[in-house]
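**Student:** Just so it is clear, I am handing over model.cif, which has mmCIF, C-alpha atoms and all ligand atoms.
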```
data_query
#
loop_
_atom_site.label_atom_id
_atom_site.label_comp_id
_atom_site.auth_asym_id
_atom_site.auth_seq_id
_atom_site.Cartn_x
_atom_site.Cartn_y
_atom_site.Cartn_z
CA MET A 30 117.12 71.74 -123.43
CA SER A 31 115.31 70.56 -120.28
CA ASN A 32 117.38 72.75 -117.89
CA GLN A 33 115.96 75.96 -119.46
CA LYS A 34 113.00 77.93 -118.06
CA ALA A 35 109.75 76.30 -119.27
CA ILE A 36 107.52 78.35 -121.57
CA ASN A 37 104.08 78.14 -123.19
CA ILE A 38 104.08 76.80 -126.74
CA ALA A 39 101.36 76.66 -129.40
CA VAL A 40 101.59 74.59 -132.58
CA LEU A 41 99.24 75.85 -135.30
CA GLY A 42 98.69 73.23 -138.03
CA ALA A 43 99.30 70.48 -135.45
CA THR A 44 97.52 67.83 -137.55
CA GLY A 45 99.50 68.55 -140.74
CA ALA A 46 102.64 66.97 -142.19
CA VAL A 47 104.88 69.70 -140.72
CA GLY A 48 102.90 70.18 -137.49
CA GLN A 49 103.14 66.49 -136.63
CA LYS A 50 106.92 66.64 -137.09
CA MET A 51 107.07 69.78 -134.93
CA ILE A 52 105.37 67.94 -132.09
CA GLU A 53 107.71 64.95 -132.48
CA THR A 54 110.73 67.27 -132.59
CA LEU A 55 109.67 69.18 -129.45
CA GLU A 56 109.38 65.83 -127.66
CA ASP A 57 112.62 64.48 -129.07
CA ARG A 58 114.53 67.65 -128.00
CA ASP A 59 112.93 67.66 -124.54
CA PHE A 60 111.96 71.29 -125.22
CA PRO A 61 111.11 73.04 -121.92
CA ILE A 62 107.32 73.36 -122.20
CA LYS A 63 105.03 74.61 -119.44
CA GLU A 64 101.79 74.49 -121.46
CA LEU A 65 101.25 73.10 -124.95
CA LYS A 66 98.36 74.12 -127.22
CA LEU A 67 97.67 72.17 -130.38
CA LEU A 68 95.66 74.08 -132.99
CA SER A 69 94.09 73.26 -136.35
CA SER A 70 91.01 74.19 -138.37
CA SER A 71 87.52 73.21 -137.22
CA ARG A 72 87.92 70.02 -139.32
CA SER A 73 90.37 68.40 -136.88
CA ALA A 74 89.30 70.20 -133.71
CA GLY A 75 88.54 67.59 -131.05
CA SER A 76 91.03 65.04 -132.36
CA LYS A 77 93.64 63.71 -129.93
CA ILE A 78 97.44 63.85 -130.11
CA THR A 79 99.77 62.27 -127.56
CA PHE A 80 102.80 64.28 -126.42
CA LYS A 81 105.19 62.81 -123.83
CA GLY A 82 102.58 60.27 -122.77
CA THR A 83 99.80 62.82 -122.24
CA GLU A 84 96.82 63.07 -124.57
CA TYR A 85 96.05 66.58 -125.86
CA THR A 86 92.84 67.67 -127.57
CA VAL A 87 93.35 69.68 -130.75
CA GLU A 88 91.50 73.02 -130.66
CA GLU A 89 90.21 75.20 -133.48
CA ALA A 90 92.63 78.12 -133.94
CA LYS A 91 91.15 81.51 -133.06
CA PRO A 92 92.81 84.84 -132.18
CA GLU A 93 92.15 84.17 -128.46
CA SER A 94 93.99 80.84 -128.71
CA PHE A 95 97.26 82.78 -128.40
CA GLU A 96 96.53 84.38 -125.01
CA GLY A 97 99.44 83.50 -122.71
CA VAL A 98 101.46 81.80 -125.44
CA ASP A 99 105.20 82.59 -125.47
CA ILE A 100 106.19 80.95 -128.77
CA ALA A 101 103.76 79.95 -131.54
CA LEU A 102 104.98 77.61 -134.27
CA PHE A 103 102.84 78.25 -137.37
CA SER A 104 102.39 75.77 -140.24
CA ALA A 105 98.81 76.04 -141.46
CA GLY A 106 99.32 77.85 -144.78
CA GLY A 107 100.14 81.42 -145.79
CA SER A 108 96.64 82.90 -145.62
CA ILE A 109 96.15 81.57 -142.08
CA SER A 110 99.50 83.06 -141.04
CA LYS A 111 98.49 86.44 -142.49
CA LYS A 112 95.29 86.31 -140.46
CA LEU A 113 96.52 84.85 -137.17
CA ALA A 114 100.19 85.89 -136.81
CA PRO A 115 99.34 89.56 -136.07
CA GLU A 116 96.73 88.36 -133.53
CA ALA A 117 99.31 86.14 -131.82
CA VAL A 118 101.90 88.95 -131.78
CA LYS A 119 99.30 91.38 -130.38
CA ARG A 120 98.86 88.94 -127.48
CA GLY A 121 102.60 88.81 -126.77
CA ALA A 122 103.59 85.62 -128.60
CA LEU A 123 106.68 85.25 -130.75
CA VAL A 124 105.59 83.63 -134.02
CA ILE A 125 107.92 81.30 -135.91
CA ASP A 126 106.17 81.01 -139.25
CA ASN A 127 106.77 78.12 -141.65
CA THR A 128 104.77 79.56 -144.53
CA SER A 129 105.89 81.93 -147.27
CA ALA A 130 103.61 84.72 -145.95
CA TYR A 131 106.28 86.94 -144.36
CA ARG A 132 109.57 85.58 -145.72
CA MET A 133 110.43 88.47 -148.00
CA ASP A 134 109.06 91.17 -145.64
CA PRO A 135 112.08 93.40 -144.87
CA GLU A 136 110.89 93.71 -141.24
CA VAL A 137 110.90 89.92 -140.74
CA PRO A 138 114.12 87.94 -140.31
CA LEU A 139 114.35 84.78 -142.43
CA VAL A 140 116.49 82.36 -140.49
CA VAL A 141 118.52 79.19 -140.88
CA PRO A 142 120.43 79.09 -137.57
CA GLU A 143 123.59 77.58 -139.13
CA VAL A 144 123.71 80.53 -141.55
CA ASN A 145 122.28 83.67 -139.93
CA GLU A 146 121.43 82.98 -136.29
CA ALA A 147 122.14 86.61 -135.32
CA ASP A 148 119.19 87.80 -137.46
CA ILE A 149 116.80 86.22 -134.92
CA LYS A 150 117.37 89.20 -132.61
CA THR A 151 116.06 91.73 -135.14
CA ASN A 152 112.51 90.36 -135.04
CA ASN A 153 109.36 92.39 -134.31
CA GLY A 154 107.36 89.38 -133.18
CA ILE A 155 107.59 87.24 -136.31
CA ILE A 156 110.50 85.11 -137.51
CA ALA A 157 110.11 83.36 -140.86
CA ASN A 158 111.26 79.83 -141.54
CA PRO A 159 112.52 79.57 -145.14
CA ASN A 160 111.28 77.28 -147.91
CA CYS A 161 112.39 73.68 -147.39
CA SER A 162 114.49 73.48 -150.59
CA THR A 163 116.18 76.76 -149.75
CA ILE A 164 117.11 75.72 -146.21
CA GLN A 165 119.13 72.66 -147.18
CA MET A 166 120.88 74.48 -150.02
CA VAL A 167 122.00 77.48 -147.94
CA ALA A 168 123.26 75.19 -145.17
CA ALA A 169 125.60 73.61 -147.74
CA LEU A 170 126.55 76.95 -149.32
CA LYS A 171 127.44 78.66 -146.03
CA PRO A 172 130.85 77.01 -145.39
CA LEU A 173 131.78 77.62 -149.05
CA GLU A 174 130.89 81.31 -148.81
CA ASP A 175 132.87 81.63 -145.57
CA LYS A 176 135.99 79.94 -146.98
CA TYR A 177 136.04 80.91 -150.66
CA GLY A 178 133.20 83.32 -151.43
CA LEU A 179 130.42 82.44 -153.87
CA LYS A 180 130.05 83.75 -157.42
CA ARG A 181 127.06 81.85 -158.79
CA VAL A 182 124.60 79.06 -157.92
CA LEU A 183 122.52 76.87 -160.27
CA VAL A 184 120.20 74.30 -158.74
CA SER A 185 117.80 71.58 -159.91
CA THR A 186 115.63 69.93 -157.29
CA TYR A 187 114.14 66.46 -156.90
CA GLN A 188 111.41 67.14 -154.33
CA ALA A 189 109.36 64.79 -152.18
CA VAL A 190 105.57 64.72 -152.25
CA SER A 191 105.30 65.39 -148.49
CA GLY A 192 106.33 68.94 -149.40
CA ALA A 193 102.77 69.33 -150.65
CA GLY A 194 101.25 68.04 -147.40
CA ASN A 195 99.68 64.85 -146.06
CA GLU A 196 96.86 64.70 -148.61
CA ALA A 197 99.31 64.66 -151.50
CA VAL A 198 101.22 61.72 -149.99
CA ASP A 199 97.96 59.81 -149.55
CA GLU A 200 97.08 60.50 -153.17
CA MET A 201 100.50 59.30 -154.39
CA ASN A 202 100.09 56.05 -152.45
CA GLU A 203 96.57 55.41 -153.77
CA GLN A 204 97.60 56.34 -157.33
CA SER A 205 100.58 53.99 -157.21
CA LYS A 206 98.44 51.06 -156.03
CA ALA A 207 95.76 51.79 -158.65
CA MET A 208 98.28 52.09 -161.49
CA LEU A 209 100.01 48.85 -160.50
CA ASN A 210 96.58 47.17 -160.60
CA GLY A 211 95.91 48.63 -164.03
CA GLU A 212 93.11 50.83 -162.67
CA GLU A 213 92.28 54.45 -163.49
CA TYR A 214 92.99 57.00 -160.74
CA GLU A 215 92.24 60.64 -161.40
CA ALA A 216 94.81 63.06 -160.02
CA SER A 217 93.25 65.79 -157.88
CA ILE A 218 96.04 67.57 -155.95
CA LEU A 219 99.39 68.01 -157.72
CA PRO A 220 101.05 70.03 -159.07
CA VAL A 221 99.05 72.72 -157.22
CA LYS A 222 96.11 72.04 -154.91
CA GLY A 223 93.05 74.02 -155.96
CA ASP A 224 94.20 74.53 -159.56
CA GLU A 225 92.02 73.36 -162.44
CA LYS A 226 94.57 70.99 -163.96
CA HIS A 227 96.14 68.01 -162.18
CA PHE A 228 98.67 65.35 -163.21
CA PRO A 229 99.53 62.00 -161.66
CA ILE A 230 102.69 61.94 -159.54
CA ALA A 231 102.98 58.12 -159.36
CA PHE A 232 105.67 56.93 -161.81
CA ASN A 233 106.06 60.52 -163.00
CA ALA A 234 108.13 63.72 -162.64
CA LEU A 235 106.37 67.09 -162.49
CA PRO A 236 108.44 70.14 -163.47
CA GLN A 237 106.07 72.44 -161.61
CA ILE A 238 106.04 73.14 -157.88
CA ASP A 239 103.73 75.99 -156.89
CA VAL A 240 102.21 78.44 -159.37
CA PHE A 241 103.87 79.95 -162.46
CA GLU A 242 105.04 83.56 -162.48
CA ASP A 243 105.03 85.81 -165.57
CA ASP A 244 108.71 85.12 -166.35
CA GLY A 245 108.16 81.33 -166.64
CA TYR A 246 109.68 80.45 -163.27
CA THR A 247 107.47 78.84 -160.63
CA PHE A 248 106.98 80.45 -157.24
CA GLU A 249 108.97 77.58 -155.65
CA GLU A 250 111.91 78.44 -157.94
CA LYS A 251 111.57 82.13 -157.10
CA LYS A 252 111.51 81.33 -153.39
CA MET A 253 114.83 79.50 -153.73
CA MET A 254 116.33 82.36 -155.73
CA ASN A 255 115.12 85.24 -153.52
CA GLU A 256 115.28 83.63 -150.09
CA THR A 257 118.88 82.48 -150.62
CA LYS A 258 119.95 86.09 -151.23
CA LYS A 259 118.13 87.32 -148.12
CA ILE A 260 119.35 84.59 -145.74
CA MET A 261 122.96 84.90 -146.90
CA HIS A 262 122.85 88.72 -147.04
CA MET A 263 124.05 88.51 -150.64
CA ASP A 264 121.62 90.61 -152.69
CA ASN A 265 123.77 90.29 -155.81
CA LEU A 266 124.44 86.55 -155.73
CA PRO A 267 123.19 85.03 -159.01
CA VAL A 268 120.94 82.05 -158.13
CA SER A 269 118.81 80.20 -160.66
CA ALA A 270 116.55 77.21 -159.93
CA THR A 271 114.50 74.47 -161.59
CA CYS A 272 112.19 72.67 -159.17
CA VAL A 273 110.80 69.21 -159.93
CA ARG A 274 108.48 66.93 -157.92
CA LEU A 275 109.19 63.18 -157.90
CA PRO A 276 107.23 60.25 -156.41
CA ILE A 277 109.31 60.21 -153.21
CA ALA A 278 107.57 60.39 -149.82
CA VAL A 279 110.18 62.26 -147.75
CA SER A 280 113.42 64.24 -148.34
CA HIS A 281 114.28 66.69 -151.05
CA ALA A 282 117.41 66.11 -153.15
CA GLU A 283 119.20 68.85 -155.10
CA SER A 284 121.84 68.96 -157.77
CA VAL A 285 123.68 72.16 -156.91
CA TYR A 286 126.30 73.72 -159.22
CA VAL A 287 128.34 76.40 -157.56
CA GLU A 288 131.05 78.75 -158.80
CA ILE A 289 133.32 79.82 -155.97
CA ASP A 290 135.49 82.92 -155.84
CA GLU A 291 138.80 81.01 -155.99
CA GLU A 292 140.32 79.10 -158.90
CA LYS A 293 142.96 76.82 -157.38
CA VAL A 294 140.73 74.69 -155.18
CA ASP A 295 140.79 70.90 -155.58
CA VAL A 296 138.07 68.38 -154.70
CA PRO A 297 139.63 67.15 -151.41
CA ALA A 298 139.90 70.75 -150.13
CA PHE A 299 136.33 71.50 -151.24
CA LYS A 300 135.09 68.35 -149.45
CA GLU A 301 136.90 69.35 -146.28
CA VAL A 302 135.14 72.71 -146.29
CA ILE A 303 131.74 71.08 -146.81
CA ALA A 304 132.45 68.62 -143.98
CA SER A 305 133.22 71.55 -141.65
CA GLY A 306 129.76 73.07 -142.22
CA ASP A 307 127.48 73.39 -139.22
CA GLY A 308 124.63 70.85 -139.53
CA VAL A 309 126.18 69.41 -142.69
CA THR A 310 127.38 65.81 -143.08
CA LEU A 311 129.66 64.83 -145.95
CA GLN A 312 128.74 61.44 -147.43
CA ASP A 313 130.96 61.16 -150.45
CA ASN A 314 132.96 58.11 -151.34
CA PRO A 315 132.38 56.97 -154.93
CA SER A 316 134.62 53.92 -154.59
CA GLU A 317 132.25 52.59 -151.91
CA GLN A 318 129.12 53.94 -153.66
CA GLU A 319 128.64 56.23 -150.70
CA TYR A 320 126.30 59.19 -151.24
CA PRO A 321 123.08 60.42 -149.61
CA THR A 322 119.63 59.48 -150.91
CA PRO A 323 116.14 60.60 -149.87
CA LEU A 324 115.63 57.33 -148.01
CA SER A 325 118.96 57.53 -146.17
CA ALA A 326 118.33 61.16 -145.11
CA ALA A 327 114.69 60.68 -144.02
CA GLY A 328 114.17 61.02 -140.27
CA LYS A 329 117.55 62.75 -139.76
CA LYS A 330 118.14 66.38 -138.90
CA ASP A 331 121.30 67.08 -140.91
CA VAL A 332 121.88 68.19 -144.48
CA PHE A 333 123.84 65.51 -146.36
CA VAL A 334 126.21 66.27 -149.22
CA GLY A 335 127.86 63.92 -151.70
CA ARG A 336 128.85 63.48 -155.38
CA ILE A 337 131.26 66.42 -155.22
CA ARG A 338 132.97 66.91 -158.58
CA LYS A 339 134.94 69.68 -160.26
CA ASP A 340 133.61 71.05 -163.54
CA PRO A 341 136.23 69.89 -166.10
CA ASP A 342 135.81 73.10 -168.12
CA VAL A 343 135.38 75.73 -165.42
CA ASP A 344 138.17 76.13 -162.87
CA ASN A 345 135.98 77.47 -160.07
CA GLY A 346 132.89 75.32 -160.78
CA PHE A 347 131.78 72.37 -158.60
CA HIS A 348 128.80 70.03 -158.59
CA MET A 349 127.29 68.61 -155.41
CA TRP A 350 124.27 66.51 -154.43
CA VAL A 351 122.47 67.90 -151.38
CA VAL A 352 119.80 65.85 -149.58
CA SER A 353 117.77 66.53 -146.44
CA ASP A 354 114.49 65.60 -144.77
CA ASN A 355 112.10 68.33 -145.97
CA LEU A 356 109.81 67.92 -142.96
CA LEU A 357 112.67 68.11 -140.42
CA LYS A 358 115.50 70.45 -141.45
CA GLY A 359 113.23 71.85 -144.18
CA ALA A 360 110.51 72.75 -141.72
CA ALA A 361 109.96 71.39 -138.18
CA TRP A 362 113.55 71.06 -137.00
CA ASN A 363 114.61 74.44 -138.38
CA SER A 364 111.64 76.06 -136.55
CA VAL A 365 112.34 74.28 -133.27
CA GLN A 366 116.04 75.14 -133.64
CA ILE A 367 115.08 78.84 -133.90
CA ALA A 368 112.86 78.45 -130.82
CA GLU A 369 115.75 76.79 -128.93
CA LYS A 370 118.09 79.69 -129.80
CA VAL A 371 115.46 82.18 -128.59
CA VAL A 372 115.04 80.39 -125.27
CA LYS A 373 118.76 79.71 -124.73
CA ASN A 374 119.74 83.33 -125.43
CA ASN A 375 116.83 84.85 -123.51
CA TRP A 376 115.64 86.62 -126.65
CA LEU A 377 111.92 86.34 -125.85
N1 LIG B 401 105.65 70.14 -146.09
C1 LIG B 401 106.79 70.79 -146.18
O1 LIG B 401 107.86 70.25 -146.55
C2 LIG B 401 106.84 72.21 -145.84
C3 LIG B 401 105.69 72.93 -145.57
N2 LIG B 401 105.78 74.24 -145.25
C4 LIG B 401 104.58 75.05 -145.01
O2 LIG B 401 103.87 74.62 -143.85
C5 LIG B 401 102.48 74.79 -144.05
C6 LIG B 401 101.75 73.50 -143.75
O3 LIG B 401 102.22 72.49 -144.62
P1 LIG B 401 101.86 70.96 -144.40
O4 LIG B 401 101.99 70.57 -142.98
O5 LIG B 401 102.67 70.28 -145.42
O6 LIG B 401 100.30 70.94 -144.81
P2 LIG B 401 99.16 69.90 -144.43
O7 LIG B 401 98.13 70.08 -145.48
O8 LIG B 401 99.69 68.54 -144.18
O9 LIG B 401 98.58 70.47 -143.04
C7 LIG B 401 97.93 71.69 -142.93
C8 LIG B 401 97.65 72.02 -141.48
O10 LIG B 401 97.08 73.32 -141.38
C9 LIG B 401 95.81 73.26 -140.71
N3 LIG B 401 94.88 74.23 -141.26
C10 LIG B 401 94.40 74.31 -142.51
N4 LIG B 401 93.51 75.31 -142.62
C11 LIG B 401 93.44 75.89 -141.40
C12 LIG B 401 92.69 76.97 -140.85
N5 LIG B 401 91.82 77.66 -141.60
N6 LIG B 401 92.87 77.29 -139.56
C13 LIG B 401 93.73 76.59 -138.78
N7 LIG B 401 94.45 75.55 -139.24
C14 LIG B 401 94.30 75.20 -140.52
C15 LIG B 401 95.33 71.84 -140.97
O11 LIG B 401 94.33 71.51 -140.03
P3 LIG B 401 93.14 70.46 -140.37
O12 LIG B 401 93.67 69.09 -139.96
O13 LIG B 401 92.04 70.92 -139.47
O14 LIG B 401 92.83 70.57 -141.81
C16 LIG B 401 96.64 71.08 -140.81
O15 LIG B 401 96.93 70.94 -139.43
C17 LIG B 401 102.29 75.29 -145.48
O16 LIG B 401 102.15 76.67 -145.46
C18 LIG B 401 103.57 74.92 -146.15
O17 LIG B 401 103.85 75.83 -147.16
C19 LIG B 401 106.99 74.80 -145.15
C20 LIG B 401 108.14 74.14 -145.37
C21 LIG B 401 108.14 72.79 -145.76
N1 LIG B 402 106.77 73.99 -151.60
C1 LIG B 402 107.48 72.99 -150.88
C2 LIG B 402 107.01 72.92 -149.45
C3 LIG B 402 106.44 74.19 -148.97
O1 LIG B 402 105.36 74.19 -148.46
O2 LIG B 402 107.15 75.26 -149.20
P1 LIG B 402 106.70 76.73 -148.83
O3 LIG B 402 106.57 76.78 -147.35
O4 LIG B 402 107.78 77.56 -149.37
O5 LIG B 402 105.38 77.00 -149.52
C4 LIG B 402 107.27 71.66 -151.56
O6 LIG B 402 106.20 71.55 -152.13
O7 LIG B 402 108.10 70.79 -151.49
#
```
Now that the file is in, can you turn its structure into structure tokens?

**Tutor:**
Amino acid sequence: MSNQKAINIAVLGATGAVGQKMIETLEDRDFPIKELKLLSSSRSAGSKITFKGTEYTVEEAKPESFEGVDIALFSAGGSISKKLAPEAVKRGALVIDNTSAYRMDPEVPLVVPEVNEADIKTNNGIIANPNCSTIQMVAALKPLEDKYGLKRVLVSTYQAVSGAGNEAVDEMNEQSKAMLNGEEYEASILPVKGDEKHFPIAFNALPQIDVFEDDGYTFEEKKMMNETKKIMHMDNLPVSATCVRLPIAVSHAESVYVEIDEEKVDVPAFKEVIASGDGVTLQDNPSEQEYPTPLSAAGKKDVFVGRIRKDPDVDNGFHMWVVSDNLLKGAAWNSVQIAEKVVKNNWL
């Protein structure tokens, strides 16, 4: 990327789990940056972060922080995005927002570059980055839709604790140590920070990510169901999700069951189509026990797919196991990828 015209970048939420990965990804990609602003709440203002060998001081985010900024990468929570994204846009910045604040707004494109890159152009100053579990699933679904068409998707997730932020990972680590030492450790964050009730995540599985809706689904499940339709431009695609949190630090895994629109497809052909997917790596060789895991995917940018099997009772039904780093492809990398497309295509 370094041969592109340099621009001014702000990272809001720079001290968070996603923000830290954004900074690492910008460095790793040699993103053409003229000026970099690192923003947080007043709690972390004044702390130092090193980028390409230079130490930057984190500043408290205010509307004026976005003066002169070309692209602002937001990951500080939905309410902060609602407050500060319009201020950033008013000052001429393009906001790439990682939160759920604007994802279902019809005026805001919701983008996974491998799936709907062209939607970037339709923005009015804000581009939304989808939910982490949605991103990796649609990346795997895209080549199947292109080749066969999709009829139905059922997904169960196995999600990492880093999806709930840095504090939740710290709590999982402390809880694990305490439980192994036979000590009491009161849960205070998961399933939902700020709620009255909390459960331990260490040595556990929590079938609740985000708050419950009236129909019994959680908001995380609804995000997967609704965002998939929007990103793929398939309003009528049936998608149903169950989202579960496990004591894993990084990478979400998903058991995805898909019914395609063709009946005579065999497993080798299906695998070939998956392997052709942009940003998708096939890792599927049962005889060698080859399949992706959260640990093997952590720190990598791709979406990994394995365990592909045909449903013995349904001609067009296939199972697959989809794994990706939730902080990279699920958040930071997808956002930086959008920013790269904007710069490369002169869409600012
Ligand atoms: N983790 C993930 O896998 C994914 C997360 N996201 C979204 O990204 C956002 C951030 O998530 P994550 O990094 O995990 O969260 P963290 O809790 O790890 O970090 C939150 C960040 O936001 C900053 N922040 C909090 N309140 C304010 C405020 N009032 N003004 C300015 N900055 C503030 C924090 O600063 P301070 O240090 O000062 O507290 C910190 O930098 C969330 O909206 C989340 O939904 C999206 C996709 C995936
Ligand atoms: N909810 C996801 C991460 C996340 O923050 O998603 P969203 O940006 O959709 O709220 C998880 O906990 O794993």

**Student:** Using only C-alpha atoms and all ligand atoms, which of A:Asn152, A:Ser76, A:Ser325, A:Asn127 sits nearest ligand LIG 401 (chain B)?

**Tutor:**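 Using only C-alpha atoms and all ligand atoms, the shortest distance to ligand LIG 401 (chain B) belongs to A:Asn127.
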
**Student:** Let me know the centre plus edge lengths, in Å and rounded to one decimal, of a box with edges along x, y and z that contains all listed atoms of ligand LIG 402 (chain B) and is padded by 4 Å on every side, as lines of an AutoDock Vina configuration file.

**Tutor:**
```
center_x = 106.7
center_y = 74.2
center_z = -149.7
size_x = 10.7
size_y = 14.8
size_z = 12.8
```

**Student:** How close does chain A get to ligand LIG 402 (chain B)? List, as JSON lines, each residue of chain A within 8 Å, its nearest atom pair and the distance in Å to one decimal, counting all atoms listed in the file.

**Tutor:**
```
{"residue": "A:Gly106", "atom": "CA", "partner": "B:LIG402", "partner_atom": "O5", "distance": 7.7}
{"residue": "A:Gly107", "atom": "CA", "partner": "B:LIG402", "partner_atom": "O5", "distance": 7.8}
{"residue": "A:Asn127", "atom": "CA", "partner": "B:LIG402", "partner_atom": "O3", "distance": 5.9}
{"residue": "A:Thr128", "atom": "CA", "partner": "B:LIG402", "partner_atom": "O3", "distance": 4.3}
{"residue": "A:Ser129", "atom": "CA", "partner": "B:LIG402", "partner_atom": "O3", "distance": 5.2}
{"residue": "A:Pro159", "atom": "CA", "partner": "B:LIG402", "partner_atom": "O4", "distance": 6.7}
{"residue": "A:Asn160", "atom": "CA", "partner": "B:LIG402", "partner_atom": "O4", "distance": 3.8}
{"residue": "A:Cys161", "atom": "CA", "partner": "B:LIG402", "partner_atom": "O2", "distance": 5.8}
{"residue": "A:Ser162", "atom": "CA", "partner": "B:LIG402", "partner_atom": "O7", "distance": 7.0}
{"residue": "A:Gln188", "atom": "CA", "partner": "B:LIG402", "partner_atom": "O7", "distance": 5.7}
{"residue": "A:Ala189", "atom": "CA", "partner": "B:LIG402", "partner_atom": "O7", "distance": 6.2}
{"residue": "A:Val190", "atom": "CA", "partner": "B:LIG402", "partner_atom": "O7", "distance": 6.6}
{"residue": "A:Ser191", "atom": "CA", "partner": "B:LIG402", "partner_atom": "O7", "distance": 6.8}
{"residue": "A:Gly192", "atom": "CA", "partner": "B:LIG402", "partner_atom": "O7", "distance": 3.3}
{"residue": "A:Ala193", "atom": "CA", "partner": "B:LIG402", "partner_atom": "O6", "distance": 4.3}
{"residue": "A:Gly194", "atom": "CA", "partner": "B:LIG402", "partner_atom": "O1", "distance": 7.5}
{"residue": "A:Ile238", "atom": "CA", "partner": "B:LIG402", "partner_atom": "O6", "distance": 6.0}
{"residue": "A:Asp239", "atom": "CA", "partner": "B:LIG402", "partner_atom": "N1", "distance": 6.4}
{"residue": "A:Glu249", "atom": "CA", "partner": "B:LIG402", "partner_atom": "N1", "distance": 5.8}
{"residue": "A:Lys252", "atom": "CA", "partner": "B:LIG402", "partner_atom": "O4", "distance": 6.7}
{"residue": "A:Arg274", "atom": "CA", "partner": "B:LIG402", "partner_atom": "O7", "distance": 7.5}
{"residue": "A:His281", "atom": "CA", "partner": "B:LIG402", "partner_atom": "O7", "distance": 7.4}
{"residue": "A:Asn355", "atom": "CA", "partner": "B:LIG402", "partner_atom": "O7", "distance": 7.2}
{"residue": "A:Ala360", "atom": "CA", "partner": "B:LIG402", "partner_atom": "O3", "distance": 8.0}
```

**Student:** If you measure from CA of Gln49 (chain A) to CA of Ala326 (chain A), what distance in Å do you get, rounded to one decimal?

**Tutor:**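 Atom-to-atom, CA of Gln49 (chain A) to CA of Ala326 (chain A), that is 18.2 Å.
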
**Student:** Show me the residues around (112.1, 92.4, -144.0) - criterion: an atom at most 12 Å away, all atoms listed in the file counted - as a VMD selection string.

**Tutor:** chain A and resid 130 to 140 148 to 149 151 to 153 155 to 157 256 259 to 260 262

**Student:** I'd like the contact shell of Val40 (chain A) - 7 Å cut-off, only C-alpha atoms, skipping same-chain residues fewer than 2 positions apart - returned as an MDAnalysis selection string.

**Tutor:** chainID A and resid 38 42:43 48 66:68 101:103

**Student:** Would you compute the distance between CA of Ile100 (chain A) and CA of Thr54 (chain A)? Give it in Å to one decimal.

**Tutor:**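 One can read the CA of Ile100 (chain A) to CA of Thr54 (chain A) distance as 14.9 Å.
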
**Student:** Looking at only C-alpha atoms, which of A:Glu369, A:Glu292, A:Glu225, A:Glu283 is the one that sits closest to Pro323 (chain A)?

**Tutor:**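 Ranking A:Glu369, A:Glu292, A:Glu225, A:Glu283 by distance to Pro323 (chain A), first place goes to A:Glu283.
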
**Student:** For region 149-160 of chain A, supply N, CA and C atoms and report the output as an mmCIF file, keeping the file's coordinate frame.

**Tutor:**
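Written output follows (result-v7.cif):
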```
data_model
loop_
_atom_site.group_PDB
_atom_site.id
_atom_site.type_symbol
_atom_site.label_atom_id
_atom_site.label_comp_id
_atom_site.auth_asym_id
_atom_site.auth_seq_id
_atom_site.Cartn_x
_atom_site.Cartn_y
_atom_site.Cartn_z
ATOM 1 N N ILE A 149 117.963 86.505 -135.778
ATOM 2 C CA ILE A 149 116.800 86.220 -134.920
ATOM 3 C C ILE A 149 116.480 87.436 -134.050
ATOM 4 N N LYS A 150 117.536 88.096 -133.566
ATOM 5 C CA LYS A 150 117.370 89.200 -132.610
ATOM 6 C C LYS A 150 116.620 90.398 -133.189
ATOM 7 N N THR A 151 116.638 90.530 -134.531
ATOM 8 C CA THR A 151 116.060 91.730 -135.140
ATOM 9 C C THR A 151 114.550 91.604 -135.343
ATOM 10 N N ASN A 152 113.933 90.576 -134.749
ATOM 11 C CA ASN A 152 112.510 90.360 -135.040
ATOM 12 C C ASN A 152 111.583 91.348 -134.319
ATOM 13 N N ASN A 153 110.413 91.579 -134.945
ATOM 14 C CA ASN A 153 109.360 92.390 -134.310
ATOM 15 C C ASN A 153 108.179 91.506 -133.953
ATOM 16 N N GLY A 154 108.450 90.272 -133.577
ATOM 17 C CA GLY A 154 107.360 89.380 -133.180
ATOM 18 C C GLY A 154 107.156 88.226 -134.134
ATOM 19 N N ILE A 155 107.712 88.349 -135.359
ATOM 20 C CA ILE A 155 107.590 87.240 -136.310
ATOM 21 C C ILE A 155 108.984 86.898 -136.852
ATOM 22 N N ILE A 156 109.280 85.601 -136.865
ATOM 23 C CA ILE A 156 110.500 85.110 -137.510
ATOM 24 C C ILE A 156 110.035 84.126 -138.570
ATOM 25 N N ALA A 157 110.553 84.266 -139.789
ATOM 26 C CA ALA A 157 110.110 83.360 -140.860
ATOM 27 C C ALA A 157 111.089 82.206 -141.015
ATOM 28 N N ASN A 158 110.493 81.037 -141.244
ATOM 29 C CA ASN A 158 111.260 79.830 -141.540
ATOM 30 C C ASN A 158 111.294 79.713 -143.064
ATOM 31 N N PRO A 159 112.466 79.565 -143.666
ATOM 32 C CA PRO A 159 112.520 79.570 -145.140
ATOM 33 C C PRO A 159 111.854 78.349 -145.770
ATOM 34 N N ASN A 160 111.749 78.407 -147.085
ATOM 35 C CA ASN A 160 111.280 77.280 -147.910
ATOM 36 C C ASN A 160 112.208 76.078 -147.686
#
```
